[in-house]
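Novice: TSV, C-alpha atoms, saved as coords.tsv, coming up:
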chain	number	residue	atom	x	y	z
S	1	MET	CA	-26.67	2.54	-10.21
S	2	ILE	CA	-26.40	4.96	-13.16
S	3	GLY	CA	-28.25	7.62	-11.21
S	4	GLY	CA	-25.60	7.55	-8.53
S	5	ILE	CA	-22.73	8.26	-10.89
S	6	PRO	CA	-22.97	12.08	-10.73
S	7	HIS	CA	-22.87	11.89	-6.95
S	8	THR	CA	-19.93	9.48	-7.10
S	9	LEU	CA	-18.05	11.75	-9.49
S	10	ALA	CA	-18.77	14.80	-7.36
S	11	THR	CA	-17.49	13.19	-4.19
S	12	GLN	CA	-14.87	10.73	-5.44
S	13	GLY	CA	-13.96	12.17	-8.84
S	14	TRP	CA	-10.38	13.14	-8.04
S	15	TRP	CA	-9.82	9.82	-6.36
S	16	ILE	CA	-10.99	7.99	-9.50
S	17	VAL	CA	-8.74	10.19	-11.64
S	18	SER	CA	-5.74	9.47	-9.41
S	19	ARG	CA	-6.39	5.72	-9.48
S	20	SER	CA	-6.88	5.63	-13.26
S	21	SER	CA	-3.85	7.78	-14.02
S	22	GLY	CA	-1.71	5.80	-11.59
S	23	LEU	CA	-2.63	2.56	-13.31
S	24	VAL	CA	-2.02	4.08	-16.75
S	25	ALA	CA	1.35	5.40	-15.57
S	26	PHE	CA	2.36	1.99	-14.25
S	27	VAL	CA	1.32	0.27	-17.47
S	28	LEU	CA	3.27	2.79	-19.57
S	29	VAL	CA	6.37	2.55	-17.36
S	30	THR	CA	6.18	-1.23	-17.64
S	31	ILE	CA	5.94	-1.10	-21.45
S	32	SER	CA	8.72	1.47	-21.70
S	33	VAL	CA	11.08	-0.52	-19.47
S	34	PHE	CA	10.22	-3.71	-21.31
S	35	LEU	CA	10.95	-2.10	-24.68
S	36	GLY	CA	14.20	-0.58	-23.40
S	37	LEU	CA	15.46	-3.88	-22.06
S	38	THR	CA	14.40	-5.66	-25.25
S	39	MET	CA	16.28	-3.14	-27.37
S	40	ALA	CA	19.38	-3.47	-25.23
S	41	GLY	CA	19.35	-7.23	-25.70
S	42	LYS	CA	19.26	-6.71	-29.49
S	43	PRO	CA	17.11	-9.72	-30.33
S	44	VAL	CA	16.56	-8.54	-33.91
S	45	ARG	CA	19.33	-6.69	-35.70
S	46	GLN	CA	17.26	-4.87	-38.26
S	47	PRO	CA	17.47	-1.08	-38.50
S	48	GLY	CA	13.72	-0.71	-38.94
S	49	PHE	CA	12.96	-2.83	-35.90
S	50	THR	CA	15.35	-0.88	-33.71
S	51	ARG	CA	13.96	2.43	-34.94
S	52	THR	CA	10.39	1.36	-34.21
S	53	MET	CA	11.28	0.07	-30.76
S	54	LYS	CA	13.21	3.21	-29.98
S	55	ALA	CA	10.32	5.45	-31.00
S	56	LEU	CA	7.81	3.42	-28.97
S	57	HIS	CA	10.18	3.39	-25.99
S	58	GLU	CA	10.50	7.16	-26.09
S	59	GLN	CA	6.79	7.81	-26.65
S	60	THR	CA	5.64	5.50	-23.86
S	61	ALA	CA	8.20	7.07	-21.51
S	62	ILE	CA	6.89	10.58	-22.23
S	63	ALA	CA	3.28	9.42	-21.90
S	64	ALA	CA	4.21	7.79	-18.58
S	65	LEU	CA	5.66	11.09	-17.34
S	66	VAL	CA	2.43	12.86	-18.26
S	67	ALA	CA	0.36	10.18	-16.51
S	68	ILE	CA	2.56	10.46	-13.40
S	69	GLY	CA	1.98	14.22	-13.44
S	70	VAL	CA	-1.80	13.75	-13.70
S	71	HIS	CA	-1.63	11.17	-10.90
S	72	GLY	CA	0.19	13.59	-8.59
S	73	PHE	CA	-2.10	16.50	-9.44
S	74	ALA	CA	-5.24	14.41	-8.85
S	75	ILE	CA	-3.97	13.34	-5.43
S	76	LEU	CA	-3.14	16.96	-4.63
S	77	ALA	CA	-6.67	18.00	-5.58
S	78	ASP	CA	-8.37	15.20	-3.66
S	79	PRO	CA	-10.58	16.96	-1.10
S	80	TRP	CA	-10.76	13.88	1.10
S	81	LEU	CA	-7.02	13.20	1.42
S	82	LYS	CA	-5.84	16.85	1.47
S	83	PRO	CA	-2.14	15.94	1.15
S	84	GLY	CA	-0.88	19.45	0.51
S	85	VAL	CA	1.94	20.31	-1.87
S	86	ALA	CA	4.56	18.91	0.51
S	87	GLY	CA	2.69	15.62	0.81
S	88	VAL	CA	2.84	15.15	-2.95
S	89	THR	CA	6.31	16.50	-3.64
S	90	VAL	CA	8.42	15.65	-0.57
S	91	PRO	CA	9.14	11.94	-0.05
S	92	PHE	CA	7.84	10.48	3.22
S	93	ALA	CA	6.10	13.74	4.19
S	94	LEU	CA	2.55	12.42	3.83
S	95	ALA	CA	1.32	10.64	6.92
S	96	SER	CA	-1.01	8.33	5.03
S	97	HIS	CA	0.93	5.33	3.64
S	98	ARG	CA	4.10	7.26	4.41
S	99	PHE	CA	6.62	4.70	3.15
S	100	SER	CA	4.77	3.58	0.02
S	101	VAL	CA	3.90	7.12	-1.05
S	102	GLY	CA	7.51	8.15	-0.40
S	103	LEU	CA	8.73	5.42	-2.73
S	104	GLY	CA	6.27	6.60	-5.37
S	105	ILE	CA	7.51	10.19	-5.16
S	106	ILE	CA	11.12	9.02	-5.47
S	107	ALA	CA	10.12	6.91	-8.48
S	108	ALA	CA	8.48	9.95	-10.07
S	109	TYR	CA	11.59	12.13	-9.62
S	110	LEU	CA	13.79	9.34	-10.93
S	111	ALA	CA	11.54	8.87	-13.96
S	112	LEU	CA	11.62	12.59	-14.68
S	113	LEU	CA	15.39	12.78	-14.28
S	114	LEU	CA	16.22	9.69	-16.31
S	115	GLY	CA	13.54	10.32	-18.92
S	116	LEU	CA	14.55	13.87	-19.66
S	117	SER	CA	18.26	13.05	-19.51
S	118	PHE	CA	17.78	11.38	-22.90
S	119	TYR	CA	17.62	14.85	-24.48
S	120	PHE	CA	20.82	15.94	-22.78
S	121	ARG	CA	22.81	12.78	-23.36
S	122	ARG	CA	25.33	14.46	-25.62
S	123	ARG	CA	26.11	17.03	-22.95
S	124	ILE	CA	26.22	14.43	-20.21
S	125	GLY	CA	28.27	12.03	-22.27
S	126	THR	CA	26.71	9.03	-23.89
S	127	ARG	CA	28.62	6.54	-21.79
S	128	LEU	CA	27.63	8.15	-18.49
S	129	TRP	CA	24.05	8.60	-19.68
S	130	ARG	CA	23.85	4.97	-20.69
S	131	GLN	CA	25.09	3.82	-17.30
S	132	ALA	CA	22.62	6.09	-15.52
S	133	HIS	CA	19.82	4.96	-17.80
S	134	ARG	CA	20.15	1.43	-16.43
S	135	ALA	CA	18.65	2.78	-13.21
S	136	THR	CA	15.35	3.14	-15.06
S	137	LEU	CA	14.50	-0.33	-13.82
S	138	ALA	CA	14.40	1.21	-10.33
S	139	VAL	CA	11.49	3.37	-11.51
S	140	TYR	CA	9.56	0.22	-12.34
S	141	VAL	CA	10.46	-1.51	-9.06
S	142	LEU	CA	9.72	1.57	-6.92
S	143	GLY	CA	6.48	2.16	-8.81
S	144	LEU	CA	5.45	-1.44	-8.22
S	145	LEU	CA	6.21	-1.18	-4.49
S	146	HIS	CA	4.30	2.11	-4.38
S	147	ALA	CA	1.30	0.53	-6.09
S	148	LEU	CA	1.34	-2.54	-3.86
S	149	GLY	CA	1.67	-0.49	-0.69
S	150	ALA	CA	-0.59	2.48	-1.35
S	151	GLY	CA	-2.72	1.48	-4.34
S	152	SER	CA	-6.45	0.88	-3.99
S	153	ASP	CA	-6.57	-1.63	-6.84
S	154	THR	CA	-3.74	-3.99	-5.96
S	155	GLY	CA	-6.22	-6.70	-5.03
S	156	SER	CA	-7.68	-6.67	-8.52
S	157	PRO	CA	-6.97	-9.89	-10.46
S	158	LEU	CA	-6.23	-7.87	-13.60
S	159	PHE	CA	-3.59	-5.83	-11.79
S	160	LEU	CA	-1.95	-8.93	-10.32
S	161	LEU	CA	-2.04	-10.59	-13.74
S	162	TRP	CA	-0.37	-7.54	-15.27
S	163	VAL	CA	2.31	-7.46	-12.58
S	164	LEU	CA	3.08	-11.16	-12.93
S	165	GLY	CA	2.83	-11.13	-16.72
S	166	SER	CA	5.20	-8.18	-17.06
S	167	GLY	CA	7.41	-8.63	-14.02
S	168	VAL	CA	8.77	-12.03	-14.93
S	169	PRO	CA	9.84	-11.10	-18.51
S	170	ILE	CA	11.32	-7.81	-17.27
S	171	ALA	CA	13.33	-9.62	-14.59
S	172	CYS	CA	14.57	-12.16	-17.17
S	173	LEU	CA	15.48	-9.43	-19.65
S	174	PHE	CA	17.33	-7.48	-16.97
S	175	VAL	CA	19.38	-10.50	-15.94
S	176	TYR	CA	20.12	-11.21	-19.60
S	177	ARG	CA	21.15	-7.60	-20.12
S	178	LEU	CA	23.48	-7.64	-17.14
S	179	GLY	CA	25.12	-10.76	-18.52
S	180	ALA	CA	25.39	-9.22	-21.98
S	181	ALA	CA	26.96	-6.06	-20.57
S	182	ARG	CA	29.49	-8.09	-18.62
S	183	ARG	CA	30.41	-10.14	-21.68
S	184	SER	CA	30.76	-6.97	-23.71
S	185	ASP	CA	33.05	-5.41	-21.11
S	186	GLU	CA	35.26	-8.48	-21.08
S	187	ARG	CA	35.41	-8.53	-24.88
S	188	HIS	CA	36.48	-4.91	-25.01
S	189	ARG	CA	39.02	-5.42	-22.26
S	190	ARG	CA	40.66	-8.12	-24.34
S	191	SER	CA	40.73	-6.01	-27.50
S	192	PRO	CA	40.85	-2.35	-26.40
S	193	ARG	CA	41.79	-1.13	-29.90
S	194	ARG	CA	38.35	-1.86	-31.26
S	195	GLY	CA	36.83	0.79	-29.09
S	196	ARG	CA	33.33	0.65	-27.90
S	197	SER	CA	30.27	1.45	-29.89
S	198	LEU	CA	27.75	3.38	-27.89
S	199	PRO	CA	24.33	3.36	-29.40
S	200	ASP	CA	21.86	5.95	-28.18
S	201	THR	CA	19.38	3.35	-27.14
S	202	ALA	CA	19.28	1.97	-23.63
M	1	MET	CA	8.93	-1.03	-40.90
M	2	HIS	CA	7.76	2.50	-40.43
M	3	THR	CA	8.34	4.61	-37.35
M	4	PRO	CA	5.18	4.69	-35.23
M	5	ARG	CA	3.57	8.02	-34.66
M	6	PRO	CA	3.15	9.34	-31.14
M	7	ARG	CA	-0.55	9.59	-31.81
M	8	ALA	CA	-0.97	5.84	-31.33
M	9	VAL	CA	0.58	5.91	-27.87
M	10	VAL	CA	-1.37	9.01	-26.88
M	11	LEU	CA	-4.65	7.53	-28.08
M	12	GLY	CA	-3.90	4.21	-26.42
M	13	SER	CA	-3.08	5.88	-23.12
M	14	LEU	CA	-6.15	8.10	-23.21
M	15	SER	CA	-8.38	5.13	-24.10
M	16	LEU	CA	-6.98	3.10	-21.21
M	17	PHE	CA	-7.48	6.03	-18.88
M	18	ALA	CA	-11.07	6.53	-20.04
M	19	VAL	CA	-11.93	2.83	-19.69
M	20	LEU	CA	-10.41	2.67	-16.20
M	21	PHE	CA	-12.19	5.88	-15.19
M	22	VAL	CA	-15.58	4.59	-16.31
M	23	VAL	CA	-15.09	1.15	-14.76
M	24	LEU	CA	-13.94	2.56	-11.42
M	25	ALA	CA	-16.78	5.11	-11.36
M	26	LEU	CA	-19.36	2.42	-12.10
M	27	GLU	CA	-17.84	0.13	-9.50
M	28	LEU	CA	-17.88	2.82	-6.81
M	29	SER	CA	-21.39	3.90	-7.76
M	30	ALA	CA	-22.66	0.32	-7.65
M	31	SER	CA	-21.07	-0.41	-4.32
M	32	ALA	CA	-22.45	2.81	-2.85
M	33	SER	CA	-26.00	2.00	-3.99
M	34	THR	CA	-26.31	-0.99	-1.70
M	35	SER	CA	-26.20	-0.68	2.03
M	36	ALA	CA	-23.64	-3.44	2.28
M	37	GLY	CA	-21.66	-1.74	-0.42
M	38	LYS	CA	-21.68	1.53	1.43
M	39	THR	CA	-20.11	-0.09	4.40
M	40	GLN	CA	-17.64	-1.88	2.20
M	41	ALA	CA	-16.80	1.23	0.24
M	42	ALA	CA	-16.27	3.22	3.38
M	43	ALA	CA	-14.23	0.60	5.14
M	44	LYS	CA	-12.24	-0.99	2.36
M	45	ALA	CA	-12.08	1.17	-0.74
M	46	ARG	CA	-11.31	4.40	1.04
M	47	PRO	CA	-9.46	3.58	4.21
M	48	ALA	CA	-8.87	6.51	6.48
M	49	PRO	CA	-5.41	8.02	6.47
M	50	ALA	CA	-3.38	6.67	9.32
M	51	GLU	CA	-2.62	9.88	11.15
M	52	THR	CA	-4.13	12.76	9.23
M	53	ALA	CA	-7.80	12.14	9.85
M	54	GLU	CA	-9.11	13.12	13.21
M	55	PRO	CA	-10.78	10.26	14.99
M	56	GLU	CA	-14.50	10.48	14.78
M	57	GLU	CA	-16.89	9.85	17.57
M	58	PRO	CA	-18.07	6.27	17.48
M	59	ALA	CA	-21.54	5.81	16.11
M	60	THR	CA	-22.85	3.98	19.10
M	61	GLU	CA	-22.74	5.89	22.29
M	62	TYR	CA	-21.44	4.24	25.33
M	63	LEU	CA	-24.16	3.61	27.77
M	64	GLU	CA	-23.47	3.02	31.37
M	65	PRO	CA	-24.83	-0.44	32.12
M	66	GLU	CA	-27.87	-0.39	34.29
M	67	VAL	CA	-27.18	-1.42	37.79
M	68	GLU	CA	-28.72	-4.78	38.36
M	69	TYR	CA	-27.28	-5.30	41.78
M	70	VAL	CA	-29.88	-5.64	44.42
M	71	GLU	CA	-28.95	-5.59	47.99
M	72	PRO	CA	-29.63	-9.09	49.21
M	73	GLU	CA	-32.08	-9.42	51.96
M	74	ALA	CA	-30.46	-10.19	55.17
M	75	GLY	CA	-31.01	-13.87	55.57
M	76	TYR	CA	-28.76	-14.23	58.47
M	77	VAL	CA	-30.61	-14.35	61.61
M	78	GLU	CA	-28.78	-14.02	64.77
M	79	PRO	CA	-29.36	-17.34	66.49
M	80	GLU	CA	-31.20	-17.06	69.66
M	81	ALA	CA	-29.06	-17.76	72.52
M	82	GLY	CA	-30.00	-21.29	73.35
M	83	TYR	CA	-27.08	-21.89	75.47
M	84	VAL	CA	-27.93	-21.77	79.04
M	85	GLU	CA	-25.21	-21.69	81.50
M	86	PRO	CA	-25.61	-24.92	83.24
M	87	GLU	CA	-26.26	-24.45	86.83
M	88	PRO	CA	-23.62	-25.96	88.92
M	89	GLU	CA	-25.00	-29.13	90.14
M	90	TYR	CA	-22.05	-30.09	92.04
M	91	VAL	CA	-23.03	-30.43	95.57
M	92	GLU	CA	-20.44	-30.40	98.15
M	93	PRO	CA	-20.66	-33.75	99.72
M	94	GLU	CA	-21.63	-33.55	103.21
M	95	TYR	CA	-19.24	-35.08	105.55
M	96	GLU	CA	-20.42	-36.58	108.57
M	97	GLU	CA	-18.12	-35.92	111.29
M	98	VAL	CA	-17.39	-39.15	112.86
M	99	PRO	CA	-15.50	-39.05	116.00
M	100	PRO	CA	-12.35	-40.84	115.78
M	101	VAL	CA	-12.43	-44.21	117.18
M	102	VAL	CA	-9.91	-44.55	119.79
M	103	THR	CA	-8.83	-47.93	120.55
M	104	SER	CA	-6.83	-48.76	123.41
M	105	SER	CA	-4.42	-51.29	122.64
M	106	SER	CA	-3.01	-51.72	125.96
Here is the file; what I need is its structure written in the form of structure tokens.
Specialist:
Amino acid sequence: MIGGIPHTLATQGWWIVSRSSGLVAFVLVTISVFLGLTMAGKPVRQPGFTRTMKALHEQTAIAALVAIGVHGFAILADPWLKPGVAGVTVPFALASHRFSVGLGIIAAYLALLLGLSFYFRRRIGTRLWRQAHRATLAVYVLGLLHALGAGSDTGSPLFLLWVLGSGVPIACLFVYRLGAARRSDERHRRSPRRGRSLPDTA
Amino acid sequence: MHTPRPRAVVLGSLSLFAVLFVVLALELSASASTSAGKTQAAAKARPAPAETAEPEEPATEYLEPEVEYVEPEAGYVEPEAGYVEPEPEYVEPEYEEVPPVVTSSS
């Protein structure tokens, strides 16, 4: 078995890199979204806690972007699939798993756009940025659909355990956040003089 | 609570990547080492792209089935004509000419 590894790496190396980086990217996106939603719910109102969560949220998001980049490059370099630049960069251009791969490419662009918008939030306007940042959940959902449709490891029990273990809390946190945002809007509508505090966190 | 350094996330991500890479490489290598695994790896793990890959010639060539049909021997024998036209046996009855009997009544 060990003797066959060099041959496996020579023939399937890029495929293994793309699978590994895709899984790492999905795990990091999941953690980042989970941390963002947790911060927005403000379960603990300690400055240190918020700062730690914010730093982890930002770092996992950047690491996820890097992993997504590696994932795309490995697929591009795969000599078996030969997707071409258009197949990796243009949604629904690749014939193989057209729909699922298209969703993954859209998720990657959305992640890049929303992730990097954090550094331009003052130019964009914090309120607008914050509203747009809520769409980050779409990155997670699209990434999940991409993995389920085009992934080679979706039948793995560990992957399914991760999806179930993370998906349910994320869904609950998102619903809670929507409710909290609605309550906050109503509160500010009743007392418009108080203004609205807009923290930088999502 | 101190602010975490990015190094922890980077190291964690790289470690996860390395573990996944090794596990997947070992899994593929192990499945390729067995004949059953080769088939499985080819068919399941790396399914062919739907439209990009050109269809390959099937491994087994199509052989024209050998003709087993044998012309059946003609078992039908024309029946000998056993029917014989019956000779007409009807014989015209001979009539005896009998002179009419004349009776004188007066």
Novice: Identify, on the basis of all atoms listed in the file, every residue whose closest approach to stretch 160-174 of chain S does not exceed 9 Å; exclude the query and any residue fewer than 2 positions from it along the same chain; express the result as a list in words.
Specialist: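 The residues satisfying every condition are Val27, Thr30, Ile31, Val33, Phe34, Leu37, Thr38, Gly41, Leu137, Leu144, Thr154, Gly155, Ser156, Pro157, Leu158, Tyr176, Arg177, Leu178 and Gly179 of chain S.
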Novice: Wanna dump the chain S-chain M contacts at 9 Å for me, each residue with its shortest atom pair and the distance in Å to one decimal, counting only C-alpha atoms, ordered by chain and number, as a Markdown table?
Specialist:
| residue | atom | partner | partner_atom | distance |
| --- | --- | --- | --- | --- |
| S:Met1 | CA | M:Ala30 | CA | 5.2 |
| S:Ile2 | CA | M:Ser29 | CA | 7.4 |
| S:Gly3 | CA | M:Ser29 | CA | 8.5 |
| S:Gly4 | CA | M:Ser29 | CA | 5.6 |
| S:Ile5 | CA | M:Ser29 | CA | 5.5 |
| S:Pro6 | CA | M:Ser29 | CA | 8.8 |
| S:His7 | CA | M:Ser29 | CA | 8.2 |
| S:Thr8 | CA | M:Ser29 | CA | 5.8 |
| S:Leu9 | CA | M:Ala25 | CA | 7.0 |
| S:Gln12 | CA | M:Ala25 | CA | 8.4 |
| S:Gly13 | CA | M:Ala25 | CA | 8.0 |
| S:Ile16 | CA | M:Phe21 | CA | 6.2 |
| S:Val17 | CA | M:Phe21 | CA | 6.6 |
| S:Arg19 | CA | M:Phe21 | CA | 8.1 |
| S:Ser20 | CA | M:Leu20 | CA | 5.5 |
| S:Ser21 | CA | M:Phe17 | CA | 6.3 |
| S:Leu23 | CA | M:Phe17 | CA | 8.2 |
| S:Val24 | CA | M:Phe17 | CA | 6.2 |
| S:Ala25 | CA | M:Ser13 | CA | 8.8 |
| S:Leu28 | CA | M:Ser13 | CA | 7.9 |
| S:Pro47 | CA | M:Met1 | CA | 8.9 |
| S:Gly48 | CA | M:Met1 | CA | 5.2 |
| S:Phe49 | CA | M:Met1 | CA | 6.7 |
| S:Arg51 | CA | M:Thr3 | CA | 6.5 |
| S:Thr52 | CA | M:Thr3 | CA | 5.0 |
| S:Met53 | CA | M:Thr3 | CA | 8.5 |
| S:Lys54 | CA | M:Thr3 | CA | 8.9 |
| S:Ala55 | CA | M:Pro4 | CA | 6.7 |
| S:Leu56 | CA | M:Pro4 | CA | 6.9 |
| S:Gln59 | CA | M:Pro6 | CA | 6.0 |
| S:Thr60 | CA | M:Val9 | CA | 6.5 |
| S:Ala63 | CA | M:Val10 | CA | 6.8 |
| S:Ala64 | CA | M:Ser13 | CA | 8.8 |
| S:Ala67 | CA | M:Ser13 | CA | 8.6 |
| S:Leu81 | CA | M:Pro49 | CA | 7.4 |
| S:Lys82 | CA | M:Thr52 | CA | 8.9 |
| S:Pro83 | CA | M:Thr52 | CA | 8.9 |
| S:Leu94 | CA | M:Thr52 | CA | 8.6 |
| S:Ala95 | CA | M:Glu51 | CA | 5.8 |
| S:Ser96 | CA | M:Pro49 | CA | 4.6 |
| S:His97 | CA | M:Ala50 | CA | 7.3 |
| S:Arg98 | CA | M:Ala50 | CA | 9.0 |
| S:Ser152 | CA | M:Ala45 | CA | 6.5 |
| S:Asp153 | CA | M:Ala45 | CA | 8.7 |
Novice: Could the residues in this selection be written to a file with C-alpha atoms, as a PDB file, keeping the file's coordinate frame?
Specialist:
ATOM      1  CA  MET S   1     -26.670   2.540 -10.210  1.00  0.00           C
ATOM      2  CA  ILE S   2     -26.400   4.960 -13.160  1.00  0.00           C
ATOM      3  CA  GLY S   3     -28.250   7.620 -11.210  1.00  0.00           C
ATOM      4  CA  GLY S   4     -25.600   7.550  -8.530  1.00  0.00           C
ATOM      5  CA  ILE S   5     -22.730   8.260 -10.890  1.00  0.00           C
ATOM      6  CA  PRO S   6     -22.970  12.080 -10.730  1.00  0.00           C
ATOM      7  CA  HIS S   7     -22.870  11.890  -6.950  1.00  0.00           C
ATOM      8  CA  THR S   8     -19.930   9.480  -7.100  1.00  0.00           C
ATOM      9  CA  LEU S   9     -18.050  11.750  -9.490  1.00  0.00           C
ATOM     10  CA  GLN S  12     -14.870  10.730  -5.440  1.00  0.00           C
ATOM     11  CA  GLY S  13     -13.960  12.170  -8.840  1.00  0.00           C
ATOM     12  CA  ILE S  16     -10.990   7.990  -9.500  1.00  0.00           C
ATOM     13  CA  VAL S  17      -8.740  10.190 -11.640  1.00  0.00           C
ATOM     14  CA  ARG S  19      -6.390   5.720  -9.480  1.00  0.00           C
ATOM     15  CA  SER S  20      -6.880   5.630 -13.260  1.00  0.00           C
ATOM     16  CA  SER S  21      -3.850   7.780 -14.020  1.00  0.00           C
ATOM     17  CA  LEU S  23      -2.630   2.560 -13.310  1.00  0.00           C
ATOM     18  CA  VAL S  24      -2.020   4.080 -16.750  1.00  0.00           C
ATOM     19  CA  ALA S  25       1.350   5.400 -15.570  1.00  0.00           C
ATOM     20  CA  LEU S  28       3.270   2.790 -19.570  1.00  0.00           C
ATOM     21  CA  PRO S  47      17.470  -1.080 -38.500  1.00  0.00           C
ATOM     22  CA  GLY S  48      13.720  -0.710 -38.940  1.00  0.00           C
ATOM     23  CA  PHE S  49      12.960  -2.830 -35.900  1.00  0.00           C
ATOM     24  CA  ARG S  51      13.960   2.430 -34.940  1.00  0.00           C
ATOM     25  CA  THR S  52      10.390   1.360 -34.210  1.00  0.00           C
ATOM     26  CA  MET S  53      11.280   0.070 -30.760  1.00  0.00           C
ATOM     27  CA  LYS S  54      13.210   3.210 -29.980  1.00  0.00           C
ATOM     28  CA  ALA S  55      10.320   5.450 -31.000  1.00  0.00           C
ATOM     29  CA  LEU S  56       7.810   3.420 -28.970  1.00  0.00           C
ATOM     30  CA  GLN S  59       6.790   7.810 -26.650  1.00  0.00           C
ATOM     31  CA  THR S  60       5.640   5.500 -23.860  1.00  0.00           C
ATOM     32  CA  ALA S  63       3.280   9.420 -21.900  1.00  0.00           C
ATOM     33  CA  ALA S  64       4.210   7.790 -18.580  1.00  0.00           C
ATOM     34  CA  ALA S  67       0.360  10.180 -16.510  1.00  0.00           C
ATOM     35  CA  LEU S  81      -7.020  13.200   1.420  1.00  0.00           C
ATOM     36  CA  LYS S  82      -5.840  16.850   1.470  1.00  0.00           C
ATOM     37  CA  PRO S  83      -2.140  15.940   1.150  1.00  0.00           C
ATOM     38  CA  LEU S  94       2.550  12.420   3.830  1.00  0.00           C
ATOM     39  CA  ALA S  95       1.320  10.640   6.920  1.00  0.00           C
ATOM     40  CA  SER S  96      -1.010   8.330   5.030  1.00  0.00           C
ATOM     41  CA  HIS S  97       0.930   5.330   3.640  1.00  0.00           C
ATOM     42  CA  ARG S  98       4.100   7.260   4.410  1.00  0.00           C
ATOM     43  CA  SER S 152      -6.450   0.880  -3.990  1.00  0.00           C
ATOM     44  CA  ASP S 153      -6.570  -1.630  -6.840  1.00  0.00           C
TER      45      ASP S 153
END
Novice: Taking into account all atoms listed in the file, which residue in the set S:Arg130, S:Thr89, S:Trp15, S:Leu35 is nearest to S:Ala181?
Specialist: S:Arg130
Novice: As an exercise, work out the distance from atom CA of S:Gly149 to atom CA of S:Gly102 in Å and give it to one decimal place.
Specialist: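 Between atom CA of S:Gly149 and atom CA of S:Gly102 the gap works out to 10.4 Å.
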Novice: To one decimal place, how far is atom CA of S:Leu116 from atom CA of S:Thr136 in Å?
Specialist: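 Atom-to-atom, atom CA of S:Leu116 and atom CA of S:Thr136 are spaced 11.7 Å apart.
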Novice: So what do you get for atom CA of S:Lys42 versus atom CA of S:Arg134, distance-wise?
Specialist: 15.4 Å
Novice: Any chance you could work out the axis-aligned box around stretch 184-188 of chain S, listed atoms only, 5 Å on each side, giving centre and edge lengths in Å to one decimal, as JSON?
Specialist:
{"center_x": 33.6, "center_y": -6.7, "center_z": -23.0, "size_x": 15.7, "size_y": 13.6, "size_z": 13.9}
